[in-house]
$ cat coords-v3.cif   # mmCIF, C-alpha atoms
data_input
loop_
_atom_site.label_atom_id
_atom_site.label_comp_id
_atom_site.auth_asym_id
_atom_site.auth_seq_id
_atom_site.Cartn_x
_atom_site.Cartn_y
_atom_site.Cartn_z
CA MET A 583 24.64 5.08 14.65
CA LYS A 584 25.74 8.57 13.76
CA LYS A 585 25.18 10.26 10.39
CA ILE A 586 28.36 11.94 9.22
CA ASN A 587 27.37 13.17 5.79
CA GLU A 588 24.55 12.99 3.26
CA LYS A 589 24.36 14.06 -0.38
CA THR A 590 21.76 13.78 -3.12
CA VAL A 591 22.91 11.60 -6.02
CA PHE A 592 19.66 11.73 -8.02
CA ASP A 593 16.88 14.30 -7.90
CA GLY A 594 13.73 13.51 -9.90
CA GLN A 595 10.22 14.94 -9.95
CA TRP A 596 8.85 12.60 -7.27
CA LEU A 597 11.87 10.92 -5.69
CA SER A 598 15.45 11.63 -4.76
CA VAL A 599 18.21 9.16 -4.00
CA ARG A 600 20.56 10.13 -1.24
CA GLU A 601 23.87 8.66 -0.22
CA ALA A 602 24.49 8.83 3.50
CA VAL A 603 27.68 8.07 5.38
CA TYR A 604 27.22 6.65 8.88
CA GLN A 605 29.55 5.72 11.69
CA ASN A 606 28.72 2.73 13.87
CA PRO A 607 29.49 2.53 17.62
CA LYS A 608 32.89 0.94 16.81
CA GLY A 609 33.87 3.98 14.75
CA GLU A 610 33.57 2.17 11.40
CA GLU A 611 32.07 4.11 8.50
CA PHE A 612 29.70 2.78 5.87
CA THR A 613 27.60 4.21 3.05
CA TRP A 614 23.86 3.70 2.62
CA GLU A 615 21.69 4.66 -0.36
CA CYS A 616 18.15 5.78 0.49
CA VAL A 617 15.13 6.83 -1.54
CA HIS A 618 13.17 9.86 -0.34
CA ARG A 619 9.73 10.96 -1.49
CA LYS A 620 9.71 14.63 -2.34
CA ARG A 621 6.06 15.64 -2.41
CA SER A 622 4.14 13.35 -0.13
CA THR A 623 3.67 13.41 3.59
CA VAL A 624 1.85 10.41 5.00
CA GLY A 625 0.09 7.93 2.75
CA VAL A 626 -2.92 5.74 3.41
CA VAL A 627 -3.10 1.97 3.08
CA ILE A 628 -6.74 0.89 2.95
CA VAL A 629 -8.12 -2.37 4.25
CA ALA A 630 -11.73 -2.26 3.08
CA ARG A 631 -14.38 -4.88 3.73
CA LEU A 632 -17.86 -5.17 2.29
CA MET A 633 -20.57 -5.72 4.87
CA PRO A 634 -22.44 -7.90 5.51
CA SER A 635 -20.67 -10.36 3.16
CA LYS A 636 -17.26 -9.60 4.76
CA ARG A 637 -15.53 -9.75 1.36
CA PHE A 638 -12.34 -7.72 1.14
CA ILE A 639 -11.74 -5.19 -1.62
CA LEU A 640 -8.43 -5.81 -3.38
CA ILE A 641 -6.98 -4.22 -6.47
CA LYS A 642 -4.89 -5.55 -9.32
CA GLN A 643 -2.83 -2.65 -10.61
CA HIS A 644 -0.12 -2.21 -13.21
CA ARG A 645 3.08 -0.88 -11.66
CA PRO A 646 5.95 0.31 -13.88
CA ALA A 647 8.52 -0.40 -11.13
CA VAL A 648 7.89 -4.14 -11.54
CA ASP A 649 6.74 -3.91 -15.18
CA GLY A 650 3.69 -5.95 -14.36
CA TYR A 651 0.53 -6.30 -12.36
CA ILE A 652 0.43 -6.57 -8.59
CA LEU A 653 -2.35 -7.51 -6.21
CA ALA A 654 -2.64 -5.02 -3.39
CA VAL A 655 -5.02 -3.04 -1.24
CA PRO A 656 -6.07 0.44 -2.33
CA ALA A 657 -3.62 3.13 -1.21
CA GLY A 658 -2.65 6.74 -1.80
CA LEU A 659 0.08 9.25 -1.13
CA GLY A 660 0.34 12.85 -0.14
CA PHE A 661 -2.12 13.32 2.67
CA ASP A 662 -1.63 13.24 6.43
CA ASP A 663 -5.38 12.98 6.96
CA PRO A 664 -6.85 9.47 7.36
CA GLN A 665 -10.11 10.81 5.87
CA HIS A 666 -8.29 10.87 2.53
CA ALA A 667 -8.62 7.09 2.55
CA LEU A 668 -12.29 7.53 1.69
CA VAL A 669 -11.34 9.61 -1.36
CA GLU A 670 -8.73 7.05 -2.49
CA LEU A 671 -11.16 4.15 -2.01
CA LYS A 672 -13.77 5.93 -4.13
CA GLN A 673 -11.28 6.82 -6.86
CA GLU A 674 -9.61 3.41 -7.13
CA THR A 675 -12.62 1.15 -6.55
CA GLY A 676 -15.79 3.22 -6.83
CA TYR A 677 -16.90 2.16 -3.34
CA VAL A 678 -17.88 4.47 -0.47
CA GLY A 679 -17.60 3.53 3.18
CA LYS A 680 -16.89 4.62 6.72
CA ILE A 681 -13.64 4.52 8.66
CA VAL A 682 -13.67 2.09 11.59
CA ASP A 683 -10.00 2.07 12.60
CA VAL A 684 -6.76 3.98 11.91
CA SER A 685 -3.23 2.94 12.78
CA PRO A 686 -0.56 5.27 14.07
CA PRO A 687 1.93 6.44 11.42
CA ILE A 688 4.00 3.41 10.38
CA LYS A 689 7.09 2.99 8.22
CA THR A 690 6.41 0.92 5.12
CA GLY A 691 9.86 0.23 3.67
CA ALA A 692 12.43 1.56 6.12
CA SER A 693 15.30 -0.42 4.63
CA LEU A 694 15.08 1.60 1.41
CA ILE A 695 12.62 4.49 1.50
CA ASN A 696 11.36 7.10 3.96
CA ASP A 697 7.68 6.25 3.38
CA THR A 698 5.21 6.70 6.20
CA ALA A 699 1.58 5.57 6.05
CA ARG A 700 -1.48 4.95 8.14
CA VAL A 701 -3.49 1.74 7.76
CA VAL A 702 -7.12 2.78 7.52
CA CYS A 703 -9.82 0.13 7.95
CA ILE A 704 -13.04 0.93 6.14
CA GLU A 705 -16.41 -0.79 6.23
CA VAL A 706 -18.38 -0.61 3.00
CA ASP A 707 -22.15 -1.17 3.25
CA GLU A 708 -22.82 -3.21 0.15
CA HIS A 709 -26.56 -2.49 0.41
CA LEU A 710 -26.13 1.27 -0.09
CA PRO A 711 -27.29 2.42 -3.54
CA ALA A 712 -23.85 4.05 -4.12
CA ASN A 713 -22.20 0.64 -3.72
CA GLN A 714 -24.53 -1.32 -6.00
CA ASN A 715 -22.67 -0.48 -9.22
CA PRO A 716 -19.47 1.29 -8.14
CA VAL A 717 -17.69 3.34 -10.79
CA GLN A 718 -13.96 4.00 -10.52
CA GLU A 719 -12.54 7.51 -10.99
CA LEU A 720 -9.08 6.54 -12.24
CA GLU A 721 -6.30 8.90 -13.20
CA ALA A 722 -4.88 8.55 -16.73
CA ALA A 723 -1.82 6.66 -15.49
CA GLU A 724 -3.87 4.16 -13.45
CA ASP A 725 -4.88 0.70 -14.65
CA ILE A 726 -6.77 -0.90 -11.75
CA GLU A 727 -9.08 -3.90 -11.58
CA VAL A 728 -11.23 -4.33 -8.46
CA ILE A 729 -11.33 -7.82 -6.93
CA LEU A 730 -13.59 -8.97 -4.10
CA VAL A 731 -12.42 -11.92 -2.03
CA LYS A 732 -13.53 -13.69 1.12
CA LYS A 733 -10.95 -13.97 3.88
CA GLU A 734 -11.05 -17.77 3.87
CA GLU A 735 -10.40 -17.86 0.11
CA ALA A 736 -7.79 -15.09 -0.02
CA ARG A 737 -4.61 -17.14 0.56
CA ASP A 738 -5.45 -19.64 -2.18
CA PHE A 739 -6.41 -16.77 -4.50
CA LEU A 740 -3.07 -15.04 -3.91
CA LEU A 741 -1.14 -18.24 -4.58
CA GLU A 742 -3.17 -18.89 -7.75
CA GLN A 743 -2.49 -15.39 -9.04
CA ALA A 744 1.22 -15.62 -8.19
CA ASN A 745 1.39 -18.85 -10.19
CA LYS A 746 -0.11 -16.92 -13.13
CA GLY A 747 2.67 -14.31 -12.93
CA VAL A 748 0.80 -11.63 -10.99
CA TYR A 749 2.88 -10.14 -8.20
CA VAL A 750 1.50 -10.14 -4.66
CA SER A 751 2.17 -7.14 -2.44
CA ALA A 752 3.75 -7.73 0.93
CA ASN A 753 0.77 -6.04 2.59
CA LEU A 754 -1.63 -8.64 1.22
CA TRP A 755 0.60 -11.52 2.20
CA TYR A 756 0.93 -10.12 5.72
CA ILE A 757 -2.87 -9.91 5.97
CA PHE A 758 -3.92 -13.14 4.26
CA GLY A 759 -0.91 -15.31 3.45
CA ILE A 760 0.38 -15.99 6.94
CA ASN A 761 -2.99 -15.78 8.63
CA SER A 762 -3.18 -19.52 9.36
CA TYR A 763 0.28 -19.39 10.92
CA LEU A 764 -0.67 -16.53 13.22
CA LEU A 765 -3.89 -18.12 14.50
#
$ encode --input "coords-v3.cif" --output "structure tokens"
Amino acid sequence: MKKINEKTVFDGQWLSVREAVYQNPKGEEFTWECVHRKRSTVGVVIVARLMPSKRFILIKQHRPAVDGYILAVPAGLGFDDPQHALVELKQETGYVGKIVDVSPPIKTGASLINDTARVVCIEVDEHLPANQNPVQELEAAEDIEVILVKKEEARDFLLEQANKGVYVSANLWYIFGINSYLL
């Protein structure tokens, strides 16, 4: 594929929409619309687990793009440092933990947007005093509920919530929904 031309058709505070013209190997041209983030670099997607109970920390957050609530894992934009995952986890859930694994940069929605993220796995010692009564540090535009779920109960929980009209993020379904298929 060869890009022939690209122009911005919308330019907002956080996002721009670009229209790109490509030529395929047969010489045929086609147009593709893409969303680009303007101010962020690499985001973090956080898979956090309480230890020793092994419960996962999920969030239920209102998202204007879907005009509803969605179950997801904590996440944040704008930082190319996996350590930022600890800050995001604290802000969104109140929990503190330690990083145990980090993915390479991955593309999160390449069919539509230029997002890049790292999956950061965090262990949270539930016996630490700081994790006994965690307090969120939410921004004014955030409406986030923290949910703790065991791996073996997660798929049923996601299906139950979806039946109640709560959206389920693809990330959660990839982690918990198809788990029995993958094993």
$ resolve_selection --input "coords-v3.cif" --expression "the PyMOL selection byres ((chain A and resi 675) around 7)" --output "list in words"
Leu671, Lys672, Gln673, Glu674, Gly676, Tyr677, Val717, Gln718 and Val728 of chain A
$ atom_distance --input "coords-v3.cif" --atom1 "atom CA of A:Ser622" --atom2 "atom CA of A:Val655"
18.8 Å
$ atom_distance --input "coords-v3.cif" --atom1 "atom CA of A:Val617" --atom2 "atom CA of A:Glu588"
12.2 Å
$ residues_around --input "coords-v3.cif" --residues "stretch 687-697 of chain A" --least-positions-apart "3" --cutoff "12 Å" --atoms "only C-alpha atoms" --output "VMD selection string"
chain A and resid 597 to 601 614 to 627 658 to 664 684 700 to 702 751 to 753
$ atom_distance --input "coords-v3.cif" --atom1 "atom CA of A:Arg631" --atom2 "atom CA of A:Ala723"
25.7 Å
$ axis_aligned_box --input "coords-v3.cif" --around "stretch 664-672 of chain A" --padding-each-side "5 Å" --output "JSON"
{"center_x": -10.3, "center_y": 7.5, "center_z": 1.6, "size_x": 16.9, "size_y": 16.7, "size_z": 21.5}
$ resolve_selection --input "coords-v3.cif" --expression "the PyMOL selection byres ((chain A and resi 585) around 7)" --output "list in words"
Met583, Lys584, Ile586, Asn587, Val603, Tyr604 and Gln605 of chain A
$ resolve_selection --input "coords-v3.cif" --expression "the PyMOL selection byres ((chain A and resi 629) around 6)" --output "list in words"
Ile628, Ala630 and Cys703 of chain A
$ closest_residue --input "coords-v3.cif" --among "A:Gly759, A:Pro716, A:Gly747, A:Gly679" --to "A:Met633" --atoms "all atoms listed in the file"
A:Gly679
$ residues_around --input "coords-v3.cif" --residues "A:Leu740" --least-positions-apart "2" --cutoff "10 Å" --atoms "all atoms listed in the file" --output "list in words"
Leu653, Glu735, Ala736, Arg737, Asp738, Glu742, Gln743, Ala744, Asn745, Lys746, Val748, Tyr749, Val750, Ser751, Leu754, Trp755, Phe758 and Gly759 of chain A
$ write_last_selection --input "coords-v3.cif" --atoms "C-alpha atoms" --output "PDB file, in the frame of the given file"
ATOM      1  CA  LEU A 653      -2.350  -7.510  -6.210  1.00  0.00           C
ATOM      2  CA  GLU A 735     -10.400 -17.860   0.110  1.00  0.00           C
ATOM      3  CA  ALA A 736      -7.790 -15.090  -0.020  1.00  0.00           C
ATOM      4  CA  ARG A 737      -4.610 -17.140   0.560  1.00  0.00           C
ATOM      5  CA  ASP A 738      -5.450 -19.640  -2.180  1.00  0.00           C
ATOM      6  CA  GLU A 742      -3.170 -18.890  -7.750  1.00  0.00           C
ATOM      7  CA  GLN A 743      -2.490 -15.390  -9.040  1.00  0.00           C
ATOM      8  CA  ALA A 744       1.220 -15.620  -8.190  1.00  0.00           C
ATOM      9  CA  ASN A 745       1.390 -18.850 -10.190  1.00  0.00           C
ATOM     10  CA  LYS A 746      -0.110 -16.920 -13.130  1.00  0.00           C
ATOM     11  CA  VAL A 748       0.800 -11.630 -10.990  1.00  0.00           C
ATOM     12  CA  TYR A 749       2.880 -10.140  -8.200  1.00  0.00           C
ATOM     13  CA  VAL A 750       1.500 -10.140  -4.660  1.00  0.00           C
ATOM     14  CA  SER A 751       2.170  -7.140  -2.440  1.00  0.00           C
ATOM     15  CA  LEU A 754      -1.630  -8.640   1.220  1.00  0.00           C
ATOM     16  CA  TRP A 755       0.600 -11.520   2.200  1.00  0.00           C
ATOM     17  CA  PHE A 758      -3.920 -13.140   4.260  1.00  0.00           C
ATOM     18  CA  GLY A 759      -0.910 -15.310   3.450  1.00  0.00           C
TER      19      GLY A 759
END
$ closest_residue --input "coords-v3.cif" --among "A:Ala602, A:Ile757, A:Leu632, A:Ala667" --to "A:Leu730" --atoms "only C-alpha atoms"
A:Leu632
$ residues_around --input "coords-v3.cif" --residues "A:Glu727" --least-positions-apart "2" --cutoff "7 Å" --atoms "all atoms listed in the file" --output "CSV table (one decimal) with C-alpha atoms, in the coordinates of the input"
chain,number,residue,atom,x,y,z
A,641,ILE,CA,-7.0,-4.2,-6.5
A,642,LYS,CA,-4.9,-5.6,-9.3
A,643,GLN,CA,-2.8,-2.6,-10.6
A,725,ASP,CA,-4.9,0.7,-14.6
A,729,ILE,CA,-11.3,-7.8,-6.9
$ build_atoms --input "coords-v3.cif" --residues "stretch 675-700 of chain A" --atoms "N, CA and C atoms" --output "compact mmCIF listing (two decimals), keeping the file's coordinate frame"
# COMPACT_ATOMS: atom_id res chain seq x y z
N THR A 675 -11.69 2.28 -6.50
CA THR A 675 -12.62 1.15 -6.55
C THR A 675 -14.06 1.53 -6.87
N GLY A 676 -14.42 2.78 -6.65
CA GLY A 676 -15.79 3.22 -6.83
C GLY A 676 -16.64 3.07 -5.57
N TYR A 677 -16.14 2.40 -4.56
CA TYR A 677 -16.90 2.16 -3.34
C TYR A 677 -16.81 3.33 -2.37
N VAL A 678 -17.87 3.50 -1.56
CA VAL A 678 -17.88 4.47 -0.47
C VAL A 678 -18.07 3.71 0.83
N GLY A 679 -17.49 4.23 1.91
CA GLY A 679 -17.60 3.53 3.18
C GLY A 679 -17.36 4.46 4.35
N LYS A 680 -17.16 3.85 5.51
CA LYS A 680 -16.89 4.62 6.72
C LYS A 680 -15.66 4.04 7.40
N ILE A 681 -14.87 4.92 7.98
CA ILE A 681 -13.64 4.52 8.66
C ILE A 681 -14.01 3.92 10.02
N VAL A 682 -13.42 2.75 10.31
CA VAL A 682 -13.67 2.09 11.59
C VAL A 682 -12.41 1.95 12.44
N ASP A 683 -11.23 2.16 11.83
CA ASP A 683 -10.00 2.07 12.60
C ASP A 683 -8.87 2.73 11.81
N VAL A 684 -7.92 3.33 12.53
CA VAL A 684 -6.76 3.98 11.91
C VAL A 684 -5.52 3.64 12.74
N SER A 685 -4.48 3.24 12.08
CA SER A 685 -3.23 2.94 12.78
C SER A 685 -2.47 4.22 13.08
N PRO A 686 -1.48 4.14 13.94
CA PRO A 686 -0.56 5.27 14.07
C PRO A 686 0.28 5.34 12.80
N PRO A 687 1.02 6.41 12.58
CA PRO A 687 1.93 6.44 11.42
C PRO A 687 2.92 5.28 11.52
N ILE A 688 3.07 4.53 10.41
CA ILE A 688 4.00 3.41 10.38
C ILE A 688 4.95 3.57 9.21
N LYS A 689 6.11 2.98 9.31
CA LYS A 689 7.09 2.99 8.22
C LYS A 689 6.84 1.78 7.34
N THR A 690 6.80 1.99 6.03
CA THR A 690 6.41 0.92 5.12
C THR A 690 7.57 0.24 4.41
N GLY A 691 8.71 0.83 4.36
CA GLY A 691 9.86 0.23 3.67
C GLY A 691 11.15 0.82 4.17
N ALA A 692 11.34 0.81 5.48
CA ALA A 692 12.43 1.56 6.12
C ALA A 692 13.83 1.13 5.68
N SER A 693 13.97 -0.02 5.08
CA SER A 693 15.30 -0.42 4.63
C SER A 693 15.73 0.32 3.37
N LEU A 694 14.78 0.96 2.68
CA LEU A 694 15.08 1.60 1.41
C LEU A 694 14.53 3.01 1.27
N ILE A 695 13.32 3.25 1.78
CA ILE A 695 12.62 4.49 1.50
C ILE A 695 12.05 5.09 2.78
N ASN A 696 11.85 6.41 2.78
CA ASN A 696 11.36 7.10 3.96
C ASN A 696 9.84 7.16 4.05
N ASP A 697 9.13 6.26 3.38
CA ASP A 697 7.68 6.25 3.38
C ASP A 697 7.08 6.10 4.78
N THR A 698 6.02 6.83 5.00
CA THR A 698 5.21 6.70 6.20
C THR A 698 3.76 6.58 5.73
N ALA A 699 2.99 5.74 6.41
CA ALA A 699 1.58 5.57 6.05
C ALA A 699 0.76 5.28 7.29
N ARG A 700 -0.53 5.39 7.12
CA ARG A 700 -1.48 4.95 8.14
C ARG A 700 -2.33 3.85 7.49
